[in-house]
Amino acid sequence: MLRKNRLFTPGPTPILPAAQTAMATFSLHHRTGGFRALYSRVLADLKDFVGTKNDVLVMASSGTGVMEGSVSNLTSRGDKVLVLTAGKFGERWRDLAKAFGCVVELVSVPYGETFSLNKVQAKLTPEIRAVYVQSTESSTGVQHDVKGIAQLVREAGHDTLLVVDAITGLGTTHLNVDGWDIDVIIGGSQKALMVPPGLAYCAISERAWKRMETAQSPRYYFDFRRERKAVAKGESAYTPATSLFAALGAALDFIRQMGDGDLAAGRKALIENAELAAEMTRAGAQALGLKLFAQTAPAAALTAIQPPIGIDSGAIVKEFRESFAAVVANGQGEMKGQLFRIAHLGYYDYLDTIGILAALEHVVASVTGKPVEYGAAIRAAQEVYARSLSQPDQTVGA
């Protein structure tokens with residue numbers, strides 16, 4: 001049969017067609033009034049997408065660039081910081097903090113698990129200058145309790161900043177950025193926003209801006225203060241990724257349409273779409289006898305699934321690609337071969353979810369050489385979907 005290449009990875013994710021068109025046809029110079037208008041509109045829309053009144057910056061980089069900036073702008077060599085790590089991206093926070101000479105305290109849990117709030121609380125001493133955590137640990141499919149962590153940080157009463165990597169969390173998870181008093185929250189264009197990689201954005205609290213005045217770590221391109229001054233004039237400090245900005249504007253317009261003209265309502269609908277696709281996928285995988293990797297705190301951005309006993313998950317990834325031209329993600333680092341990951345963030349809908357589960361049935365039969373009850377995963381997913389029909393419409397259109 002004809003095979004269409006389809007991405008089911010947690011980044012990059014499928015690109016919104018309207019964003020592709022906007023990107024292909026955009027040609028404005030970045031120091032013109034036309035681009036300044038687009039730039040200012042996108043930054044204002046991003047505030048609504050994030051759900052914040054704080055200033056938002058957008059940098060031409062991967063999400064890791066703004067993660068690095070969230071260390072270099074807020075710390076000085078010798079500062080003690082707390083890193084909460086449960087996977088490859090928590091380990092990235094650890095390594096970034098060490099690269100800038102911070103003294104790193106860790107709350108570490110095994111892959112596939114999340115943190116005990118009691119252990120986090122015990123580490124929140126007055127010396128901790130910042131806490132770094134993921135909203136979703138996309139290497140394992142775990143969703144962390146950002147609200148609970150934020151409450152602990154504020155109740156501690158110290159001058160501690162909370163920095164959240166929500167690169168896969170924004171647009172898939174309900175996050176009350178201002179209500180929970182998050183100081184820096186980070187997103188990326190290639191996730192729920194349905195745009196190619198290349199843009200990272202963050203919302204920054206006044207408390208964090210004040211810290212930047214005394215932080216002494218070196219910074220240049222990722223100097224948030226310099227970028228903020230440029231934003232006040234409707235510009236970026238350095239050459240922006242202009243065509244990606246056009247794509248981002250189109251994506252935010254699409255999300256606004258999902259909310260009948262209300263971008264915040266569209267964000268809620270996008271999150272609910274991911275939640276429903278994730279619930280359908282978990283039900284389908286379990287109907288085939290597969291075990292979820294993140295059993296106690298599964299994320300809506302993606303589902304991490306353990307392969308059948310005795311099967312390397314790489315064989316599942318290969319079979320998806322060779323038989324269906326579908327790209328799912330293997331495990332990362334020490335988890336390679338032990339799990340595969342199916343994404344739900346951004347431009348995925350009911351038919352995408354049903355399609356990948358139908359393919360999963362064939363893939364499991366092929367790699368195990370054992371009979372599979374065809375339709376079991378589909379039926380389980382459809383039952384989840386049917387129960388959702390009494391809830392508000394969660395359609396993702398073209």
# chains A, B, ... in the order shown; residues from 1 in each chain; ligands from 1
>>> residues_around(residues="Lys370 of chain A", least_positions_apart="4", cutoff="12 Å", atoms="only C-alpha atoms", output="list in words")
Leu288, Pro308, Glu361, His362, Val363, Val364, Ala365, Ser366 and Tyr374 of chain A
>>> select_by_dssp(residues="segment 288-378 of chain A", states="strand (DSSP E or B)", output="PyMOL selection string")
chain A and resi 292+298+302-305+326-327+329-330+340-343
>>> atom_distance(atom1="atom CA of Ala97 of chain A", atom2="atom CA of Val184 of chain A")
15.3 Å
>>> residues_around(residues="Arg129 of chain A", least_positions_apart="4", cutoff="10 Å", atoms="only C-alpha atoms", output="list in words")
Leu74, Thr75, Ser76, Asp79, Lys80, Val81, Leu82, Cys102, Leu124, Thr125, His158, Asp159, Thr160, Leu161, Leu162 and Arg211 of chain A
>>> select_by_dssp(residues="segment 26-83 of chain A", states="helix (DSSP H, G or I)", output="list of chain:residue names")
A:Gly33, A:Gly34, A:Phe35, A:Arg36, A:Ala37, A:Leu38, A:Tyr39, A:Ser40, A:Arg41, A:Val42, A:Leu43, A:Ala44, A:Asp45, A:Leu46, A:Lys47, A:Asp48, A:Phe49, A:Val50, A:Gly63, A:Thr64, A:Gly65, A:Val66, A:Met67, A:Glu68, A:Gly69, A:Ser70, A:Val71, A:Ser72
>>> write_last_selection(atoms="N, CA, C and O atoms", output="compact mmCIF listing (two decimals), in the first residue's frame")
# COMPACT_ATOMS: atom_id res chain seq x y z
N GLY A 33 8.68 47.94 9.72
CA GLY A 33 7.47 48.09 10.50
C GLY A 33 6.56 46.88 10.41
O GLY A 33 5.92 46.51 11.39
N GLY A 34 6.52 46.25 9.23
CA GLY A 34 5.67 45.07 9.07
C GLY A 34 6.09 43.93 9.97
O GLY A 34 5.24 43.27 10.59
N PHE A 35 7.41 43.69 10.05
CA PHE A 35 7.86 42.60 10.93
C PHE A 35 7.69 42.98 12.39
O PHE A 35 7.35 42.12 13.21
N ARG A 36 7.94 44.24 12.73
CA ARG A 36 7.75 44.65 14.13
C ARG A 36 6.31 44.41 14.57
O ARG A 36 6.07 43.99 15.71
N ALA A 37 5.35 44.65 13.69
CA ALA A 37 3.95 44.41 14.03
C ALA A 37 3.70 42.94 14.27
O ALA A 37 3.01 42.56 15.24
N LEU A 38 4.25 42.08 13.40
CA LEU A 38 4.10 40.63 13.59
C LEU A 38 4.78 40.20 14.88
O LEU A 38 4.21 39.43 15.67
N TYR A 39 5.98 40.69 15.11
CA TYR A 39 6.77 40.30 16.28
C TYR A 39 6.02 40.65 17.57
O TYR A 39 5.87 39.81 18.47
N SER A 40 5.51 41.87 17.65
CA SER A 40 4.79 42.30 18.85
C SER A 40 3.50 41.52 19.04
O SER A 40 3.14 41.16 20.17
N ARG A 41 2.81 41.22 17.93
CA ARG A 41 1.56 40.45 18.03
C ARG A 41 1.83 39.04 18.52
O ARG A 41 1.10 38.52 19.39
N VAL A 42 2.88 38.41 18.01
CA VAL A 42 3.21 37.05 18.43
C VAL A 42 3.59 37.01 19.90
O VAL A 42 3.16 36.11 20.65
N LEU A 43 4.37 37.98 20.36
CA LEU A 43 4.74 38.00 21.78
C LEU A 43 3.51 38.19 22.67
O LEU A 43 3.40 37.57 23.73
N ALA A 44 2.58 39.04 22.24
CA ALA A 44 1.35 39.24 23.02
C ALA A 44 0.51 37.96 23.03
O ALA A 44 -0.04 37.58 24.08
N ASP A 45 0.43 37.29 21.88
CA ASP A 45 -0.33 36.04 21.82
C ASP A 45 0.32 34.95 22.66
O ASP A 45 -0.37 34.11 23.26
N LEU A 46 1.64 34.94 22.69
CA LEU A 46 2.33 33.93 23.51
C LEU A 46 2.01 34.10 24.99
O LEU A 46 1.94 33.12 25.73
N LYS A 47 1.81 35.35 25.44
CA LYS A 47 1.39 35.55 26.83
C LYS A 47 0.08 34.81 27.10
O LYS A 47 -0.09 34.16 28.13
N ASP A 48 -0.86 34.92 26.16
CA ASP A 48 -2.15 34.24 26.33
C ASP A 48 -1.98 32.73 26.24
O ASP A 48 -2.65 31.97 26.94
N PHE A 49 -1.09 32.28 25.35
CA PHE A 49 -0.87 30.84 25.22
C PHE A 49 -0.23 30.27 26.49
O PHE A 49 -0.61 29.19 26.97
N VAL A 50 0.76 30.98 27.02
CA VAL A 50 1.40 30.53 28.26
C VAL A 50 0.44 30.70 29.44
O VAL A 50 0.42 29.88 30.36
N GLY A 63 15.08 24.62 22.63
CA GLY A 63 14.70 24.88 24.01
C GLY A 63 15.88 24.87 24.96
O GLY A 63 15.90 25.60 25.96
N THR A 64 16.89 24.09 24.63
CA THR A 64 18.07 24.00 25.50
C THR A 64 18.77 25.35 25.62
O THR A 64 19.37 25.66 26.65
N GLY A 65 18.70 26.17 24.56
CA GLY A 65 19.31 27.50 24.64
C GLY A 65 18.72 28.34 25.74
O GLY A 65 19.44 28.99 26.51
N VAL A 66 17.39 28.33 25.85
CA VAL A 66 16.74 29.12 26.91
C VAL A 66 16.90 28.43 28.26
O VAL A 66 16.94 29.10 29.30
N MET A 67 17.01 27.11 28.28
CA MET A 67 17.38 26.44 29.53
C MET A 67 18.73 26.96 30.02
O MET A 67 18.89 27.30 31.19
N GLU A 68 19.70 27.03 29.11
CA GLU A 68 21.01 27.56 29.48
C GLU A 68 20.90 28.99 29.97
O GLU A 68 21.49 29.37 31.00
N GLY A 69 20.12 29.82 29.25
CA GLY A 69 19.94 31.20 29.67
C GLY A 69 19.29 31.32 31.03
O GLY A 69 19.54 32.29 31.76
N SER A 70 18.47 30.34 31.39
CA SER A 70 17.79 30.37 32.69
C SER A 70 18.74 30.00 33.82
O SER A 70 18.41 30.20 34.99
N VAL A 71 19.90 29.48 33.49
CA VAL A 71 20.95 29.28 34.48
C VAL A 71 21.89 30.49 34.47
O VAL A 71 22.15 31.09 35.51
N SER A 72 22.36 30.90 33.29
CA SER A 72 23.38 31.96 33.23
C SER A 72 22.84 33.31 33.69
O SER A 72 23.58 34.12 34.25
>>> closest_residue(among="A:Ala230, A:Val328, A:Leu263, A:Leu193", to="Ala18 of chain A", atoms="only C-alpha atoms")
A:Leu193
>>> closest_atom_pairs(of="segment 153-272 of chain A", to="segment 297-301 of chain A", cutoff="10 Å", atoms="only C-alpha atoms", output="CSV")
residue,atom,partner,partner_atom,distance
A:Thr168,CA,A:Ala301,CA,6.3
A:Gly169,CA,A:Ala301,CA,6.8
A:Leu170,CA,A:Ala301,CA,9.1
A:Gly171,CA,A:Ala301,CA,8.4
A:Thr172,CA,A:Ala301,CA,5.4
A:Thr173,CA,A:Ala300,CA,6.9
A:Lys191,CA,A:Ala301,CA,9.0
A:Ala192,CA,A:Ala301,CA,8.3
A:Ile271,CA,A:Ala300,CA,8.0
A:Glu272,CA,A:Ala300,CA,8.8
>>> atom_distance(atom1="atom CA of Thr114 of chain A", atom2="atom CA of Thr136 of chain A")
10.0 Å
>>> closest_residue(among="A:Glu383, A:Asp145, A:Glu113, A:Asp260", to="Glu279 of chain A", atoms="only C-alpha atoms")
A:Glu383
>>> residues_around(residues="Leu175 of chain A", least_positions_apart="6", cutoff="12 Å", atoms="only C-alpha atoms", output="ChimeraX atom specification")
/A:49-52,135-136,143-148,150,164-166,168-169,181-182,185-186,264,267-268,271
>>> atom_distance(atom1="atom CA of Ile354 of chain A", atom2="atom CA of Val317 of chain A")
17.7 Å
>>> residues_around(residues="Gly78 of chain A", least_positions_apart="4", cutoff="10 Å", atoms="only C-alpha atoms", output="PDB file with N, CA and C atoms, in the first residue's frame")
ATOM      1  N   LYS A  98      25.988  22.761  36.552  1.00  0.00           N
ATOM      2  CA  LYS A  98      27.403  22.496  36.836  1.00  0.00           C
ATOM      3  C   LYS A  98      28.304  23.250  35.872  1.00  0.00           C
ATOM      4  N   PHE A 100      27.983  26.143  34.760  1.00  0.00           N
ATOM      5  CA  PHE A 100      28.117  27.531  35.185  1.00  0.00           C
ATOM      6  C   PHE A 100      28.606  27.642  36.631  1.00  0.00           C
ATOM      7  N   GLY A 101      29.151  26.565  37.153  1.00  0.00           N
ATOM      8  CA  GLY A 101      29.808  26.618  38.448  1.00  0.00           C
ATOM      9  C   GLY A 101      28.893  26.604  39.647  1.00  0.00           C
ATOM     10  N   CYS A 102      27.645  26.208  39.456  1.00  0.00           N
ATOM     11  CA  CYS A 102      26.728  26.130  40.595  1.00  0.00           C
ATOM     12  C   CYS A 102      27.017  24.879  41.435  1.00  0.00           C
ATOM     13  N   VAL A 103      26.687  24.968  42.699  1.00  0.00           N
ATOM     14  CA  VAL A 103      26.717  23.806  43.584  1.00  0.00           C
ATOM     15  C   VAL A 103      25.339  23.158  43.498  1.00  0.00           C
ATOM     16  N   VAL A 104      25.292  21.936  42.983  1.00  0.00           N
ATOM     17  CA  VAL A 104      24.014  21.313  42.635  1.00  0.00           C
ATOM     18  C   VAL A 104      23.578  20.331  43.710  1.00  0.00           C
TER      19      VAL A 104
END
>>> residues_around(residues="Met59 of chain A", least_positions_apart="4", cutoff="9 Å", atoms="only C-alpha atoms", output="PDB file with all heavy atoms, in the first residue's frame")
ATOM      1  N   GLY A  63      15.085  24.616  22.628  1.00  0.00           N
ATOM      2  CA  GLY A  63      14.700  24.877  24.010  1.00  0.00           C
ATOM      3  C   GLY A  63      15.880  24.874  24.957  1.00  0.00           C
ATOM      4  O   GLY A  63      15.899  25.601  25.956  1.00  0.00           O
ATOM      5  N   GLY A  65      18.704  26.173  24.564  1.00  0.00           N
ATOM      6  CA  GLY A  65      19.313  27.496  24.637  1.00  0.00           C
ATOM      7  C   GLY A  65      18.719  28.339  25.742  1.00  0.00           C
ATOM      8  O   GLY A  65      19.444  28.989  26.510  1.00  0.00           O
ATOM      9  N   VAL A  66      17.392  28.333  25.854  1.00  0.00           N
ATOM     10  CA  VAL A  66      16.743  29.119  26.908  1.00  0.00           C
ATOM     11  C   VAL A  66      16.901  28.432  28.259  1.00  0.00           C
ATOM     12  O   VAL A  66      16.941  29.101  29.300  1.00  0.00           O
ATOM     13  CB  VAL A  66      15.279  29.393  26.547  1.00  0.00           C
ATOM     14  CG1 VAL A  66      14.539  30.052  27.701  1.00  0.00           C
ATOM     15  CG2 VAL A  66      15.214  30.313  25.320  1.00  0.00           C
ATOM     16  N   GLY A 198      13.455  25.549  16.182  1.00  0.00           N
ATOM     17  CA  GLY A 198      14.229  26.756  15.928  1.00  0.00           C
ATOM     18  C   GLY A 198      13.876  27.944  16.791  1.00  0.00           C
ATOM     19  O   GLY A 198      14.633  28.919  16.845  1.00  0.00           O
ATOM     20  N   LEU A 199      12.737  27.892  17.497  1.00  0.00           N
ATOM     21  CA  LEU A 199      12.355  28.975  18.403  1.00  0.00           C
ATOM     22  C   LEU A 199      12.158  28.424  19.810  1.00  0.00           C
ATOM     23  O   LEU A 199      11.499  27.393  19.994  1.00  0.00           O
ATOM     24  CB  LEU A 199      11.063  29.652  17.946  1.00  0.00           C
ATOM     25  CG  LEU A 199      11.091  30.407  16.623  1.00  0.00           C
ATOM     26  CD1 LEU A 199       9.706  30.962  16.303  1.00  0.00           C
ATOM     27  CD2 LEU A 199      12.123  31.530  16.646  1.00  0.00           C
ATOM     28  N   ALA A 200      12.716  29.107  20.784  1.00  0.00           N
ATOM     29  CA  ALA A 200      12.467  28.805  22.192  1.00  0.00           C
ATOM     30  C   ALA A 200      11.914  30.068  22.839  1.00  0.00           C
ATOM     31  O   ALA A 200      12.351  31.174  22.517  1.00  0.00           O
ATOM     32  CB  ALA A 200      13.742  28.368  22.896  1.00  0.00           C
ATOM     33  N   TYR A 201      10.959  29.917  23.733  1.00  0.00           N
ATOM     34  CA  TYR A 201      10.349  31.086  24.359  1.00  0.00           C
ATOM     35  C   TYR A 201      10.254  30.868  25.859  1.00  0.00           C
ATOM     36  O   TYR A 201      10.302  29.725  26.357  1.00  0.00           O
ATOM     37  CB  TYR A 201       8.969  31.375  23.753  1.00  0.00           C
ATOM     38  CG  TYR A 201       7.966  30.248  23.843  1.00  0.00           C
ATOM     39  CD1 TYR A 201       7.036  30.198  24.877  1.00  0.00           C
ATOM     40  CD2 TYR A 201       7.927  29.243  22.879  1.00  0.00           C
ATOM     41  CE1 TYR A 201       6.113  29.179  24.957  1.00  0.00           C
ATOM     42  CE2 TYR A 201       7.007  28.218  22.957  1.00  0.00           C
ATOM     43  CZ  TYR A 201       6.098  28.181  23.989  1.00  0.00           C
ATOM     44  OH  TYR A 201       5.181  27.156  24.072  1.00  0.00           O
ATOM     45  N   CYS A 202      10.132  31.957  26.591  1.00  0.00           N
ATOM     46  CA  CYS A 202      10.015  31.855  28.044  1.00  0.00           C
ATOM     47  C   CYS A 202       9.267  33.064  28.578  1.00  0.00           C
ATOM     48  O   CYS A 202       9.306  34.152  27.996  1.00  0.00           O
ATOM     49  CB  CYS A 202      11.380  31.741  28.710  1.00  0.00           C
ATOM     50  SG  CYS A 202      12.477  33.146  28.411  1.00  0.00           S
ATOM     51  N   PHE A 222      22.423  34.906  25.009  1.00  0.00           N
ATOM     52  CA  PHE A 222      21.285  34.611  25.883  1.00  0.00           C
ATOM     53  C   PHE A 222      21.208  35.562  27.071  1.00  0.00           C
ATOM     54  O   PHE A 222      20.849  35.158  28.181  1.00  0.00           O
ATOM     55  CB  PHE A 222      21.341  33.151  26.358  1.00  0.00           C
ATOM     56  CG  PHE A 222      21.141  32.160  25.252  1.00  0.00           C
ATOM     57  CD1 PHE A 222      22.192  31.389  24.799  1.00  0.00           C
ATOM     58  CD2 PHE A 222      19.902  32.012  24.645  1.00  0.00           C
ATOM     59  CE1 PHE A 222      22.008  30.472  23.771  1.00  0.00           C
ATOM     60  CE2 PHE A 222      19.703  31.110  23.617  1.00  0.00           C
ATOM     61  CZ  PHE A 222      20.769  30.339  23.172  1.00  0.00           C
ATOM     62  N   GLU A 227      17.693  41.320  25.568  1.00  0.00           N
ATOM     63  CA  GLU A 227      16.555  40.958  24.723  1.00  0.00           C
ATOM     64  C   GLU A 227      15.305  41.724  25.155  1.00  0.00           C
ATOM     65  O   GLU A 227      14.513  42.177  24.324  1.00  0.00           O
ATOM     66  CB  GLU A 227      16.319  39.448  24.793  1.00  0.00           C
ATOM     67  CG  GLU A 227      15.372  38.904  23.733  1.00  0.00           C
ATOM     68  CD  GLU A 227      15.944  38.997  22.319  1.00  0.00           C
ATOM     69  OE1 GLU A 227      17.186  38.969  22.158  1.00  0.00           O
ATOM     70  OE2 GLU A 227      15.133  39.112  21.373  1.00  0.00           O
ATOM     71  N   SER A 236      13.947  42.220  18.108  1.00  0.00           N
ATOM     72  CA  SER A 236      14.797  41.281  18.833  1.00  0.00           C
ATOM     73  C   SER A 236      16.207  41.847  18.867  1.00  0.00           C
ATOM     74  O   SER A 236      16.584  42.678  18.027  1.00  0.00           O
ATOM     75  CB  SER A 236      14.804  39.912  18.140  1.00  0.00           C
ATOM     76  OG  SER A 236      15.246  40.043  16.806  1.00  0.00           O
ATOM     77  N   TYR A 238      18.993  40.348  18.264  1.00  0.00           N
ATOM     78  CA  TYR A 238      19.787  39.830  17.152  1.00  0.00           C
ATOM     79  C   TYR A 238      18.832  39.379  16.046  1.00  0.00           C
ATOM     80  O   TYR A 238      17.622  39.436  16.201  1.00  0.00           O
ATOM     81  CB  TYR A 238      20.674  38.672  17.625  1.00  0.00           C
ATOM     82  CG  TYR A 238      21.514  39.062  18.818  1.00  0.00           C
ATOM     83  CD1 TYR A 238      21.149  38.658  20.104  1.00  0.00           C
ATOM     84  CD2 TYR A 238      22.631  39.873  18.670  1.00  0.00           C
ATOM     85  CE1 TYR A 238      21.895  39.046  21.204  1.00  0.00           C
ATOM     86  CE2 TYR A 238      23.382  40.267  19.760  1.00  0.00           C
ATOM     87  CZ  TYR A 238      23.007  39.850  21.037  1.00  0.00           C
ATOM     88  OH  TYR A 238      23.740  40.253  22.118  1.00  0.00           O
ATOM     89  N   PRO A 240      16.287  37.647  14.116  1.00  0.00           N
ATOM     90  CA  PRO A 240      15.326  36.603  14.490  1.00  0.00           C
ATOM     91  C   PRO A 240      15.102  35.625  13.344  1.00  0.00           C
ATOM     92  O   PRO A 240      15.458  35.898  12.188  1.00  0.00           O
ATOM     93  CB  PRO A 240      14.059  37.399  14.780  1.00  0.00           C
ATOM     94  CG  PRO A 240      14.156  38.569  13.849  1.00  0.00           C
ATOM     95  CD  PRO A 240      15.626  38.902  13.732  1.00  0.00           C
ATOM     96  N   ALA A 241      14.520  34.493  13.643  1.00  0.00           N
ATOM     97  CA  ALA A 241      14.143  33.513  12.613  1.00  0.00           C
ATOM     98  C   ALA A 241      12.801  33.955  12.031  1.00  0.00           C
ATOM     99  O   ALA A 241      11.731  33.532  12.466  1.00  0.00           O
ATOM    100  CB  ALA A 241      14.041  32.121  13.225  1.00  0.00           C
TER     101      ALA A 241
END
>>> decode(residues="segment 148-178 of chain A", atoms="N, CA and C atoms", output="PDB file, in the first residue's frame")
ATOM      1  N   GLY A 148       2.420  21.408  43.120  1.00  0.00           N
ATOM      2  CA  GLY A 148       2.878  21.043  44.460  1.00  0.00           C
ATOM      3  C   GLY A 148       4.281  21.543  44.749  1.00  0.00           C
ATOM      4  N   ILE A 149       5.159  21.446  43.750  1.00  0.00           N
ATOM      5  CA  ILE A 149       6.528  21.929  43.917  1.00  0.00           C
ATOM      6  C   ILE A 149       6.533  23.440  44.109  1.00  0.00           C
ATOM      7  N   ALA A 150       5.748  24.150  43.302  1.00  0.00           N
ATOM      8  CA  ALA A 150       5.672  25.619  43.411  1.00  0.00           C
ATOM      9  C   ALA A 150       5.175  26.029  44.789  1.00  0.00           C
ATOM     10  N   GLN A 151       4.198  25.323  45.307  1.00  0.00           N
ATOM     11  CA  GLN A 151       3.671  25.659  46.631  1.00  0.00           C
ATOM     12  C   GLN A 151       4.749  25.490  47.699  1.00  0.00           C
ATOM     13  N   LEU A 152       5.547  24.440  47.589  1.00  0.00           N
ATOM     14  CA  LEU A 152       6.628  24.224  48.555  1.00  0.00           C
ATOM     15  C   LEU A 152       7.670  25.335  48.486  1.00  0.00           C
ATOM     16  N   VAL A 153       8.004  25.736  47.262  1.00  0.00           N
ATOM     17  CA  VAL A 153       9.015  26.794  47.090  1.00  0.00           C
ATOM     18  C   VAL A 153       8.543  28.092  47.731  1.00  0.00           C
ATOM     19  N   ARG A 154       7.288  28.442  47.535  1.00  0.00           N
ATOM     20  CA  ARG A 154       6.779  29.700  48.095  1.00  0.00           C
ATOM     21  C   ARG A 154       6.584  29.605  49.611  1.00  0.00           C
ATOM     22  N   GLU A 155       6.123  28.454  50.084  1.00  0.00           N
ATOM     23  CA  GLU A 155       5.918  28.295  51.523  1.00  0.00           C
ATOM     24  C   GLU A 155       7.234  28.318  52.291  1.00  0.00           C
ATOM     25  N   ALA A 156       8.328  27.945  51.617  1.00  0.00           N
ATOM     26  CA  ALA A 156       9.637  27.959  52.280  1.00  0.00           C
ATOM     27  C   ALA A 156      10.027  29.370  52.684  1.00  0.00           C
ATOM     28  N   GLY A 157       9.507  30.373  51.965  1.00  0.00           N
ATOM     29  CA  GLY A 157       9.719  31.762  52.356  1.00  0.00           C
ATOM     30  C   GLY A 157      11.090  32.318  52.041  1.00  0.00           C
ATOM     31  N   HIS A 158      11.881  31.599  51.254  1.00  0.00           N
ATOM     32  CA  HIS A 158      13.206  32.091  50.903  1.00  0.00           C
ATOM     33  C   HIS A 158      13.131  32.841  49.572  1.00  0.00           C
ATOM     34  N   ASP A 159      14.234  33.454  49.194  1.00  0.00           N
ATOM     35  CA  ASP A 159      14.308  34.165  47.910  1.00  0.00           C
ATOM     36  C   ASP A 159      14.712  33.184  46.812  1.00  0.00           C
ATOM     37  N   THR A 160      13.948  32.105  46.710  1.00  0.00           N
ATOM     38  CA  THR A 160      14.267  31.026  45.775  1.00  0.00           C
ATOM     39  C   THR A 160      13.428  31.166  44.514  1.00  0.00           C
ATOM     40  N   LEU A 161      14.072  31.050  43.352  1.00  0.00           N
ATOM     41  CA  LEU A 161      13.379  31.117  42.076  1.00  0.00           C
ATOM     42  C   LEU A 161      12.973  29.717  41.620  1.00  0.00           C
ATOM     43  N   LEU A 162      11.825  29.628  40.952  1.00  0.00           N
ATOM     44  CA  LEU A 162      11.360  28.354  40.397  1.00  0.00           C
ATOM     45  C   LEU A 162      11.395  28.450  38.877  1.00  0.00           C
ATOM     46  N   VAL A 163      12.168  27.575  38.249  1.00  0.00           N
ATOM     47  CA  VAL A 163      12.324  27.551  36.797  1.00  0.00           C
ATOM     48  C   VAL A 163      11.805  26.218  36.276  1.00  0.00           C
ATOM     49  N   VAL A 164      10.869  26.286  35.334  1.00  0.00           N
ATOM     50  CA  VAL A 164      10.196  25.082  34.834  1.00  0.00           C
ATOM     51  C   VAL A 164      10.441  24.926  33.340  1.00  0.00           C
ATOM     52  N   ASP A 165      11.042  23.818  32.964  1.00  0.00           N
ATOM     53  CA  ASP A 165      11.126  23.419  31.564  1.00  0.00           C
ATOM     54  C   ASP A 165       9.780  22.806  31.206  1.00  0.00           C
ATOM     55  N   ALA A 166       8.968  23.583  30.478  1.00  0.00           N
ATOM     56  CA  ALA A 166       7.658  23.098  30.019  1.00  0.00           C
ATOM     57  C   ALA A 166       7.650  22.990  28.496  1.00  0.00           C
ATOM     58  N   ILE A 167       8.799  22.611  27.943  1.00  0.00           N
ATOM     59  CA  ILE A 167       8.945  22.551  26.494  1.00  0.00           C
ATOM     60  C   ILE A 167       7.925  21.567  25.907  1.00  0.00           C
ATOM     61  N   THR A 168       7.703  20.438  26.571  1.00  0.00           N
ATOM     62  CA  THR A 168       6.627  19.539  26.147  1.00  0.00           C
ATOM     63  C   THR A 168       5.387  19.678  27.030  1.00  0.00           C
ATOM     64  N   GLY A 169       5.447  20.520  28.050  1.00  0.00           N
ATOM     65  CA  GLY A 169       4.306  20.689  28.950  1.00  0.00           C
ATOM     66  C   GLY A 169       3.309  21.733  28.475  1.00  0.00           C
ATOM     67  N   LEU A 170       3.803  22.837  27.917  1.00  0.00           N
ATOM     68  CA  LEU A 170       2.900  23.889  27.446  1.00  0.00           C
ATOM     69  C   LEU A 170       2.087  23.387  26.254  1.00  0.00           C
ATOM     70  N   GLY A 171       0.782  23.528  26.344  1.00  0.00           N
ATOM     71  CA  GLY A 171      -0.101  23.031  25.295  1.00  0.00           C
ATOM     72  C   GLY A 171      -0.536  21.601  25.488  1.00  0.00           C
ATOM     73  N   THR A 172      -0.024  20.943  26.543  1.00  0.00           N
ATOM     74  CA  THR A 172      -0.448  19.570  26.857  1.00  0.00           C
ATOM     75  C   THR A 172      -0.847  19.414  28.320  1.00  0.00           C
ATOM     76  N   THR A 173      -0.551  20.413  29.135  1.00  0.00           N
ATOM     77  CA  THR A 173      -0.743  20.329  30.578  1.00  0.00           C
ATOM     78  C   THR A 173      -1.339  21.642  31.076  1.00  0.00           C
ATOM     79  N   HIS A 174      -2.293  21.563  31.994  1.00  0.00           N
ATOM     80  CA  HIS A 174      -2.875  22.768  32.587  1.00  0.00           C
ATOM     81  C   HIS A 174      -1.880  23.340  33.595  1.00  0.00           C
ATOM     82  N   LEU A 175      -1.320  24.507  33.281  1.00  0.00           N
ATOM     83  CA  LEU A 175      -0.308  25.151  34.113  1.00  0.00           C
ATOM     84  C   LEU A 175      -0.765  26.568  34.443  1.00  0.00           C
ATOM     85  N   ASN A 176      -0.888  26.866  35.720  1.00  0.00           N
ATOM     86  CA  ASN A 176      -1.292  28.205  36.164  1.00  0.00           C
ATOM     87  C   ASN A 176      -0.032  28.987  36.518  1.00  0.00           C
ATOM     88  N   VAL A 177       0.594  29.562  35.516  1.00  0.00           N
ATOM     89  CA  VAL A 177       1.936  30.132  35.661  1.00  0.00           C
ATOM     90  C   VAL A 177       1.973  31.237  36.714  1.00  0.00           C
ATOM     91  N   ASP A 178       1.070  32.200  36.617  1.00  0.00           N
ATOM     92  CA  ASP A 178       1.070  33.317  37.561  1.00  0.00           C
ATOM     93  C   ASP A 178       0.474  32.912  38.904  1.00  0.00           C
TER      94      ASP A 178
END
